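Engineer: The structure follows.
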Amino acid sequence: MTILDYQKPASLEEAYALLGKKNAVILGGGMWLRLQKRKRISCAIDLSALGLDQIEETEEGFRIGAYVTLRQIEVHPGLAAYSHGAITAAVDHIVGVQFRNLATVGGSVFGRFGFSDILTVFTALGASVELYHNGVMPMEAFADSGIKGDIITHILLPKKSPDACVYLCHRNASTDFPVLNTTVCLRGKELACSVGSRPLRAVTAHTDRPEQTDEARRAYAEKIMENTVFSSNRRGSEEYRKALCKTLVRRALEIMDREE
């Protein structure tokens, strides 16, 4: 990979103008650039001077800057309490601490990777994405939008924390990409169940909470599996992922019912 020009803009307006150049990219932590097919970057844009590396708790909820690292959200006590530990659980197996000290939340979300643990937990939590040009939109809508050529400035979490939230995944090795991941998040009687690494990006079902019985949990997990599209890659087959989905969703519900 060849970078022809490096720029550190003093404003988002300047950064957005630079992004309009052909083959320009937001540098972020730089950890996911190796996954891109491009061999030549005309302009690498560094947003580190724009104050996007803070986690704020406001009257509207949590406001997470795009340059906040995965390690920052992993160890943040407020986010851990808000998500009942689900955010910490979703990132603590991503490669290693050295990687998480560099990889950014914005890069993880904007990439909309099928294997993303971040998308799975944030969509279940009802997060929104704040974009410089396109404004605020639900993360679910952003994930399906195909928007390019814009800049994520913040991830927004609603003020009211969920009543319960559980993240689970299965990996073939502890620091490998997940074969499948899931998050269940309860607010009142509404349950959000997000399934990711299918190996497609996470999708979220919004349903009523099932009864707190083993039979109801198994039936709910079966229904989620039947209504979710899976496919195969070198980490696992479609049928294996279907079996994992039923198991992980059921276990997440068991944990939620036990700990609530």
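To be explicit about the labels: the chains of the structure tokens are called A, B, and onward in the order shown, and within each one the residues are counted from 1, while ligands get numbers from 1 in the order they are shown.
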For region 48-121 of chain A against region 1-19 of chain A, with a cut-off of 10 Å and counting only C-alpha atoms, what is the closest atom pair and its distance in Å to one decimal for every residue that makes the cut, ordered by chain and number, as JSON lines?

Structural biologist:
{"residue": "A:Ser48", "atom": "CA", "partner": "A:Lys8", "partner_atom": "CA", "distance": 7.5}
{"residue": "A:Ala49", "atom": "CA", "partner": "A:Ala10", "partner_atom": "CA", "distance": 6.5}
{"residue": "A:Leu50", "atom": "CA", "partner": "A:Ser11", "partner_atom": "CA", "distance": 6.4}
{"residue": "A:Gly51", "atom": "CA", "partner": "A:Ser11", "partner_atom": "CA", "distance": 9.9}

Engineer: Find the nearest atom pair between each residue of region 63-181 of chain A and region 188-196 of chain A for residues within 9 Å, count only C-alpha atoms, give distances in Å to one decimal, sort rows by chain and ascending number, and present the table as CSV.

Structural biologist:
residue,atom,partner,partner_atom,distance
A:Gly114,CA,A:Gly196,CA,6.7
A:Phe115,CA,A:Gly196,CA,6.6
A:Ser116,CA,A:Gly196,CA,7.1
A:Asp117,CA,A:Gly196,CA,7.3
A:Leu119,CA,A:Gly196,CA,7.8
A:Thr120,CA,A:Gly196,CA,5.7
A:Val121,CA,A:Ser194,CA,7.3
A:Thr123,CA,A:Ser194,CA,6.9
A:Ala124,CA,A:Ala192,CA,5.4
A:Leu125,CA,A:Ala192,CA,7.8
A:Gly126,CA,A:Ala192,CA,8.5
A:Pro162,CA,A:Gly188,CA,8.1
A:Asp163,CA,A:Gly188,CA,6.9
A:Pro178,CA,A:Gly196,CA,8.8
A:Val179,CA,A:Gly196,CA,8.9
A:Leu180,CA,A:Gly196,CA,6.0
A:Asn181,CA,A:Gly196,CA,5.2

Engineer: As a count of residues only, please: the residues near Met256 (chain A) (cut-off 9 Å, only C-alpha atoms, same-chain neighbours under 6 positions excluded).

Structural biologist: 6

Engineer: Just checking: using only C-alpha atoms, which residue out of A:Pro210, A:Pro158, A:Gly106, A:Gly236 ends up closest to His170 (chain A)?

Structural biologist: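 Checking each of A:Pro210, A:Pro158, A:Gly106, A:Gly236 against His170 (chain A), counting only C-alpha atoms, the winner is A:Gly236.
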
Engineer: Can you list, as a list in words, every protein, DNA or RNA residue that comes within 12 Å of Glu215 (chain A) when you count only C-alpha atoms, leaving out same-chain residues fewer than 6 positions away?

Structural biologist: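 Counting only the stated atoms, we get Ala221, Glu222, Arg250, Leu253 and Glu254 of chain A.
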
Engineer: Write the residues of the preceding selection, restricted to all heavy atoms, as a short mmCIF file (atom, residue, chain, number, x, y, z; two decimals), in the first residue's frame.

Structural biologist:
data_model
loop_
_atom_site.label_atom_id
_atom_site.label_comp_id
_atom_site.auth_asym_id
_atom_site.auth_seq_id
_atom_site.Cartn_x
_atom_site.Cartn_y
_atom_site.Cartn_z
N ALA A 221 -35.26 -18.82 20.22
CA ALA A 221 -33.98 -19.00 19.52
C ALA A 221 -34.19 -19.68 18.17
O ALA A 221 -33.54 -19.33 17.18
CB ALA A 221 -33.02 -19.80 20.39
N GLU A 222 -35.09 -20.65 18.12
CA GLU A 222 -35.42 -21.34 16.86
C GLU A 222 -35.99 -20.35 15.86
O GLU A 222 -35.63 -20.36 14.67
CB GLU A 222 -36.41 -22.46 17.13
CG GLU A 222 -36.84 -23.24 15.91
CD GLU A 222 -35.83 -24.29 15.48
OE1 GLU A 222 -35.03 -24.73 16.31
OE2 GLU A 222 -35.85 -24.66 14.29
N ARG A 250 -30.26 -18.75 22.93
CA ARG A 250 -30.88 -19.38 24.11
C ARG A 250 -30.05 -19.12 25.36
O ARG A 250 -30.60 -18.76 26.42
CB ARG A 250 -31.04 -20.89 23.89
CG ARG A 250 -31.59 -21.62 25.11
CD ARG A 250 -31.73 -23.12 24.84
NE ARG A 250 -30.50 -23.73 24.40
CZ ARG A 250 -29.51 -24.09 25.23
NH1 ARG A 250 -29.61 -23.86 26.53
NH2 ARG A 250 -28.42 -24.67 24.75
N LEU A 253 -30.40 -15.54 26.57
CA LEU A 253 -31.68 -15.35 27.27
C LEU A 253 -31.63 -15.95 28.68
O LEU A 253 -32.17 -15.37 29.64
CB LEU A 253 -32.82 -15.97 26.48
CG LEU A 253 -33.19 -15.29 25.16
CD1 LEU A 253 -34.22 -16.12 24.40
CD2 LEU A 253 -33.72 -13.88 25.40
N GLU A 254 -31.01 -17.10 28.82
CA GLU A 254 -30.88 -17.72 30.14
C GLU A 254 -30.10 -16.82 31.09
O GLU A 254 -30.49 -16.62 32.25
CB GLU A 254 -30.17 -19.07 30.02
CG GLU A 254 -31.01 -20.17 29.40
CD GLU A 254 -30.21 -21.45 29.23
OE1 GLU A 254 -28.97 -21.43 29.42
OE2 GLU A 254 -30.82 -22.49 28.90
#

Engineer: Provide the CA of Asp53 (chain A) to CA of Ala202 (chain A) distance in Å, to one decimal place.

Structural biologist: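 Spanning CA of Asp53 (chain A) to CA of Ala202 (chain A) is a straight-line distance of 25.2 Å.
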
Engineer: From a DSSP calculation on the backbone, collect every residue of region 43-252 of chain A in alpha helix (DSSP H) and output the set as a PyMOL selection string.

Structural biologist: chain A and resi 70-75+77-82+86-91+97-100+105-110+117-124+139-145+214-226+238-252

Engineer: Could you please write out, as number ranges by chain, every residue of region 75-147 of chain A that DSSP assigns to strand (DSSP E or B)?

Structural biologist: A: 104, 128-131, 135-138

Engineer: Check the smallest atom-to-atom distance from each of A:Arg217, A:Arg235, A:Met139, A:Ser161 to Ala80 (chain A) using only C-alpha atoms, then report the winner.

Structural biologist: A:Ser161

Engineer: Write out as a tab-separated table (two decimals) with all heavy atoms, in the first residue's frame each polymer residue whose atoms come within 12 Å of Val129 (chain A), counting only C-alpha atoms; drop sequence neighbours fewer than 3 positions from it.

Structural biologist:
chain	number	residue	atom	x	y	z
A	62	PHE	N	-24.88	8.74	26.09
A	62	PHE	CA	-23.45	8.70	25.86
A	62	PHE	C	-23.12	9.17	24.44
A	62	PHE	O	-23.82	8.83	23.48
A	62	PHE	CB	-22.91	7.28	26.06
A	62	PHE	CG	-22.70	6.91	27.50
A	62	PHE	CD1	-23.67	6.20	28.19
A	62	PHE	CD2	-21.54	7.28	28.17
A	62	PHE	CE1	-23.49	5.85	29.52
A	62	PHE	CE2	-21.35	6.95	29.50
A	62	PHE	CZ	-22.33	6.23	30.18
A	63	ARG	N	-22.05	9.94	24.33
A	63	ARG	CA	-21.56	10.45	23.04
A	63	ARG	C	-20.10	10.01	22.90
A	63	ARG	O	-19.22	10.49	23.61
A	63	ARG	CB	-21.68	11.97	23.00
A	63	ARG	CG	-21.56	12.60	21.64
A	63	ARG	CD	-22.06	14.05	21.69
A	63	ARG	NE	-22.04	14.67	20.39
A	63	ARG	CZ	-21.15	15.58	20.01
A	63	ARG	NH1	-20.22	15.99	20.86
A	63	ARG	NH2	-21.21	16.10	18.80
A	64	ILE	N	-19.88	9.06	22.01
A	64	ILE	CA	-18.57	8.42	21.86
A	64	ILE	C	-17.92	8.93	20.58
A	64	ILE	O	-18.45	8.72	19.49
A	64	ILE	CB	-18.71	6.89	21.80
A	64	ILE	CG1	-19.47	6.38	23.05
A	64	ILE	CG2	-17.34	6.24	21.70
A	64	ILE	CD1	-19.88	4.92	22.94
A	65	GLY	N	-16.80	9.62	20.71
A	65	GLY	CA	-16.10	10.15	19.55
A	65	GLY	C	-15.58	9.06	18.64
A	65	GLY	O	-15.22	7.96	19.09
A	66	ALA	N	-15.53	9.35	17.35
A	66	ALA	CA	-15.10	8.35	16.37
A	66	ALA	C	-13.66	7.90	16.57
A	66	ALA	O	-13.29	6.80	16.18
A	66	ALA	CB	-15.27	8.90	14.95
A	105	VAL	N	-13.34	3.26	17.29
A	105	VAL	CA	-14.76	2.93	17.19
A	105	VAL	C	-15.31	3.36	15.83
A	105	VAL	O	-16.05	2.61	15.18
A	105	VAL	CB	-15.54	3.61	18.32
A	105	VAL	CG1	-17.05	3.41	18.14
A	105	VAL	CG2	-15.11	3.09	19.68
A	106	GLY	N	-14.94	4.56	15.38
A	106	GLY	CA	-15.42	5.05	14.10
A	106	GLY	C	-15.05	4.15	12.94
A	106	GLY	O	-15.87	3.86	12.06
A	109	VAL	N	-17.07	0.89	13.02
A	109	VAL	CA	-18.47	1.05	12.61
A	109	VAL	C	-18.57	1.37	11.12
A	109	VAL	O	-19.38	0.78	10.40
A	109	VAL	CB	-19.15	2.15	13.45
A	109	VAL	CG1	-20.54	2.48	12.89
A	109	VAL	CG2	-19.27	1.71	14.91
A	110	PHE	N	-17.74	2.31	10.65
A	110	PHE	CA	-17.85	2.73	9.25
A	110	PHE	C	-17.52	1.59	8.28
A	110	PHE	O	-18.07	1.51	7.19
A	110	PHE	CB	-16.95	3.93	8.96
A	110	PHE	CG	-17.35	4.70	7.74
A	110	PHE	CD1	-18.27	5.72	7.83
A	110	PHE	CD2	-16.84	4.38	6.49
A	110	PHE	CE1	-18.67	6.43	6.70
A	110	PHE	CE2	-17.23	5.07	5.35
A	110	PHE	CZ	-18.14	6.10	5.46
A	119	LEU	N	-20.68	-3.70	15.83
A	119	LEU	CA	-21.99	-3.50	15.22
A	119	LEU	C	-23.06	-4.32	15.92
A	119	LEU	O	-24.18	-3.85	16.13
A	119	LEU	CB	-21.96	-3.88	13.73
A	119	LEU	CG	-21.48	-2.83	12.73
A	119	LEU	CD1	-21.49	-3.42	11.32
A	119	LEU	CD2	-22.34	-1.58	12.78
A	122	PHE	N	-23.79	-2.64	19.45
A	122	PHE	CA	-24.33	-1.29	19.36
A	122	PHE	C	-25.73	-1.26	18.73
A	122	PHE	O	-26.58	-0.47	19.13
A	122	PHE	CB	-23.38	-0.37	18.58
A	122	PHE	CG	-22.28	0.21	19.42
A	122	PHE	CD1	-21.13	0.68	18.83
A	122	PHE	CD2	-22.39	0.31	20.80
A	122	PHE	CE1	-20.10	1.23	19.60
A	122	PHE	CE2	-21.38	0.86	21.58
A	122	PHE	CZ	-20.23	1.32	20.97
A	123	THR	N	-25.97	-2.10	17.74
A	123	THR	CA	-27.31	-2.11	17.14
A	123	THR	C	-28.34	-2.61	18.15
A	123	THR	O	-29.46	-2.07	18.23
A	123	THR	CB	-27.36	-2.97	15.87
A	123	THR	OG1	-26.83	-4.27	16.13
A	123	THR	CG2	-26.58	-2.32	14.74
A	126	GLY	N	-29.45	0.03	20.48
A	126	GLY	CA	-30.19	1.14	19.91
A	126	GLY	C	-29.34	2.35	19.61
A	126	GLY	O	-29.83	3.49	19.66
A	132	TYR	N	-20.94	13.68	9.55
A	132	TYR	CA	-20.73	15.11	9.28
A	132	TYR	C	-21.70	15.62	8.23
A	132	TYR	O	-22.30	16.69	8.41
A	132	TYR	CB	-19.29	15.34	8.81
A	132	TYR	CG	-19.05	16.77	8.38
A	132	TYR	CD1	-18.92	17.78	9.32
A	132	TYR	CD2	-18.96	17.11	7.03
A	132	TYR	CE1	-18.72	19.10	8.94
A	132	TYR	CE2	-18.77	18.42	6.63
A	132	TYR	CZ	-18.64	19.42	7.59
A	132	TYR	OH	-18.45	20.72	7.20
A	133	HIS	N	-21.91	14.88	7.16
A	133	HIS	CA	-22.75	15.35	6.06
A	133	HIS	C	-24.20	14.86	6.16
A	133	HIS	O	-25.13	15.63	5.93
A	133	HIS	CB	-22.16	14.90	4.72
A	133	HIS	CG	-22.96	15.33	3.52
A	133	HIS	ND1	-23.09	16.64	3.14
A	133	HIS	CD2	-23.70	14.60	2.64
A	133	HIS	CE1	-23.85	16.72	2.07
A	133	HIS	NE2	-24.24	15.50	1.74
A	134	ASN	N	-24.39	13.60	6.52
A	134	ASN	CA	-25.72	13.01	6.50
A	134	ASN	C	-26.46	13.10	7.84
A	134	ASN	O	-27.60	12.64	7.93
A	134	ASN	CB	-25.63	11.54	6.07
A	134	ASN	CG	-25.41	11.41	4.58
A	134	ASN	OD1	-26.34	11.52	3.78
A	134	ASN	ND2	-24.16	11.19	4.17
A	135	GLY	N	-25.84	13.67	8.85
A	135	GLY	CA	-26.52	13.85	10.12
A	135	GLY	C	-26.62	12.58	10.94
A	135	GLY	O	-25.85	11.63	10.76
A	136	VAL	N	-27.61	12.54	11.83
A	136	VAL	CA	-27.78	11.41	12.75
A	136	VAL	C	-28.76	10.40	12.17
A	136	VAL	O	-29.82	10.76	11.67
A	136	VAL	CB	-28.29	11.91	14.13
A	136	VAL	CG1	-28.55	10.73	15.06
A	136	VAL	CG2	-27.28	12.87	14.75
A	137	MET	N	-28.39	9.12	12.24
A	137	MET	CA	-29.29	8.06	11.81
A	137	MET	C	-29.06	6.83	12.69
A	137	MET	O	-27.96	6.65	13.23
A	137	MET	CB	-29.10	7.70	10.34
A	137	MET	CG	-27.75	7.11	9.98
A	137	MET	SD	-27.69	6.54	8.25
A	137	MET	CE	-27.97	8.08	7.38
A	138	PRO	N	-30.09	5.98	12.86
A	138	PRO	CA	-29.91	4.75	13.62
A	138	PRO	C	-28.80	3.90	13.01
A	138	PRO	O	-28.63	3.86	11.79
A	138	PRO	CB	-31.26	4.04	13.50
A	138	PRO	CG	-32.23	5.14	13.20
A	138	PRO	CD	-31.48	6.14	12.37
A	139	MET	N	-28.04	3.24	13.87
A	139	MET	CA	-26.93	2.42	13.36
A	139	MET	C	-27.43	1.32	12.44
A	139	MET	O	-26.75	0.96	11.47
A	139	MET	CB	-26.12	1.83	14.51
A	139	MET	CG	-24.83	1.18	14.05
A	139	MET	SD	-23.72	0.73	15.40
A	139	MET	CE	-23.17	2.33	15.94
A	140	GLU	N	-28.60	0.76	12.73
A	140	GLU	CA	-29.16	-0.26	11.84
A	140	GLU	C	-29.34	0.29	10.43
A	140	GLU	O	-29.01	-0.38	9.44
A	140	GLU	CB	-30.50	-0.75	12.37
A	140	GLU	CG	-30.44	-1.68	13.55
A	140	GLU	CD	-31.81	-2.20	13.91
A	140	GLU	OE1	-32.35	-3.04	13.14
A	140	GLU	OE2	-32.37	-1.77	14.94
A	141	ALA	N	-29.89	1.50	10.32
A	141	ALA	CA	-30.10	2.12	9.01
A	141	ALA	C	-28.78	2.43	8.34
A	141	ALA	O	-28.61	2.24	7.13
A	141	ALA	CB	-30.94	3.39	9.16
A	142	PHE	N	-27.81	2.91	9.11
A	142	PHE	CA	-26.50	3.22	8.54
A	142	PHE	C	-25.84	1.96	8.00
A	142	PHE	O	-25.25	1.98	6.91
A	142	PHE	CB	-25.61	3.87	9.60
A	142	PHE	CG	-24.18	4.03	9.15
A	142	PHE	CD1	-23.82	5.00	8.24
A	142	PHE	CD2	-23.19	3.18	9.63
A	142	PHE	CE1	-22.51	5.13	7.80
A	142	PHE	CE2	-21.88	3.30	9.21
A	142	PHE	CZ	-21.53	4.28	8.30
A	143	ALA	N	-25.93	0.87	8.73
A	143	ALA	CA	-25.28	-0.37	8.30
A	143	ALA	C	-25.81	-0.85	6.96
A	143	ALA	O	-25.08	-1.43	6.16
A	143	ALA	CB	-25.48	-1.45	9.36
A	145	SER	N	-27.15	1.25	4.66
A	145	SER	CA	-27.27	2.39	3.75
A	145	SER	C	-26.25	2.40	2.61
A	145	SER	O	-26.50	2.97	1.56
A	145	SER	CB	-27.13	3.70	4.53
A	145	SER	OG	-25.80	3.84	5.02
A	147	ILE	N	-23.64	4.15	2.66
A	147	ILE	CA	-23.10	5.50	2.61
A	147	ILE	C	-21.57	5.47	2.57
A	147	ILE	O	-20.93	4.77	3.35
A	147	ILE	CB	-23.57	6.33	3.82
A	147	ILE	CG1	-25.05	6.68	3.68
A	147	ILE	CG2	-22.74	7.61	3.99
A	147	ILE	CD1	-25.63	7.39	4.89
A	150	ASP	N	-18.41	10.04	3.59
A	150	ASP	CA	-18.84	10.86	4.73
A	150	ASP	C	-17.93	10.52	5.91
A	150	ASP	O	-17.12	9.59	5.86
A	150	ASP	CB	-20.31	10.60	5.07
A	150	ASP	CG	-20.97	11.78	5.77
A	150	ASP	OD1	-20.23	12.65	6.29
A	150	ASP	OD2	-22.20	11.84	5.82
A	151	ILE	N	-18.09	11.27	7.00
A	151	ILE	CA	-17.23	11.09	8.17
A	151	ILE	C	-18.09	10.84	9.39
A	151	ILE	O	-18.98	11.64	9.72
A	151	ILE	CB	-16.37	12.35	8.42
A	151	ILE	CG1	-15.46	12.63	7.22
A	151	ILE	CG2	-15.53	12.19	9.69
A	151	ILE	CD1	-14.73	13.97	7.31
A	152	ILE	N	-17.86	9.71	10.06
A	152	ILE	CA	-18.50	9.49	11.36
A	152	ILE	C	-17.80	10.38	12.38
A	152	ILE	O	-16.58	10.35	12.51
A	152	ILE	CB	-18.39	8.02	11.80
A	152	ILE	CG1	-19.30	7.14	10.94
A	152	ILE	CG2	-18.77	7.86	13.28
A	152	ILE	CD1	-19.28	5.67	11.34
A	153	THR	N	-18.59	11.16	13.11
A	153	THR	CA	-18.01	11.99	14.17
A	153	THR	C	-18.25	11.37	15.54
A	153	THR	O	-17.37	11.43	16.42
A	153	THR	CB	-18.58	13.41	14.14
A	153	THR	OG1	-20.00	13.37	14.35
A	153	THR	CG2	-18.29	14.08	12.80
A	154	HIS	N	-19.45	10.78	15.75
A	154	HIS	CA	-19.76	10.22	17.06
A	154	HIS	C	-20.70	9.02	16.94
A	154	HIS	O	-21.46	8.91	15.97
A	154	HIS	CB	-20.43	11.27	17.97
A	154	HIS	CG	-19.56	12.43	18.31
A	154	HIS	ND1	-19.48	13.55	17.51
A	154	HIS	CD2	-18.71	12.64	19.36
A	154	HIS	CE1	-18.62	14.41	18.06
A	154	HIS	NE2	-18.15	13.88	19.17
A	155	ILE	N	-20.64	8.17	17.94
A	155	ILE	CA	-21.63	7.12	18.16
A	155	ILE	C	-22.47	7.57	19.36
A	155	ILE	O	-21.91	7.96	20.40
A	155	ILE	CB	-20.98	5.76	18.45
A	155	ILE	CG1	-19.98	5.39	17.34
A	155	ILE	CG2	-22.03	4.68	18.64
A	155	ILE	CD1	-20.57	5.29	15.97
A	156	LEU	N	-23.78	7.51	19.24
A	156	LEU	CA	-24.68	8.00	20.28
A	156	LEU	C	-25.47	6.85	20.88
A	156	LEU	O	-26.06	6.04	20.15
A	156	LEU	CB	-25.64	9.04	19.69
A	156	LEU	CG	-25.00	10.18	18.89
A	156	LEU	CD1	-26.09	11.05	18.26
A	156	LEU	CD2	-24.08	11.02	19.76
A	157	LEU	N	-25.50	6.79	22.20
A	157	LEU	CA	-26.31	5.80	22.91
A	157	LEU	C	-27.43	6.52	23.65
A	157	LEU	O	-27.19	7.54	24.29
A	157	LEU	CB	-25.45	5.01	23.90
A	157	LEU	CG	-24.43	4.04	23.30
A	157	LEU	CD1	-23.52	3.49	24.39
A	157	LEU	CD2	-25.14	2.90	22.58
A	158	PRO	N	-28.65	6.00	23.58
A	158	PRO	CA	-29.77	6.68	24.26
A	158	PRO	C	-29.56	6.76	25.76
A	158	PRO	O	-28.86	5.93	26.35
A	158	PRO	CB	-30.98	5.82	23.90
A	158	PRO	CG	-30.42	4.49	23.51
A	158	PRO	CD	-29.07	4.76	22.92

Engineer: My list of candidates is A:Met225, A:Ile255, A:Cys169, A:Ala24. Which is closest to Ile94 (chain A) when distances are computed with only C-alpha atoms?

Structural biologist: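 Of the candidates, the smallest distance to Ile94 (chain A) is held by A:Cys169.
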
Engineer: Between A:Ala219, A:Val75, A:Ile45, A:Ile224, which one has atoms that come closest to Thr207 (chain A), using only C-alpha atoms?

Structural biologist: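 Closest residue, counting only C-alpha atoms: A:Ile224.
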
Engineer: So that I can see what lies close to region 229-233 of chain A, please list as a PyMOL selection string the residues with an atom at most 6 Å from it, counting only C-alpha atoms and leaving out residues fewer than 4 positions away in the same chain.

Structural biologist: chain A and resi 198+237-238
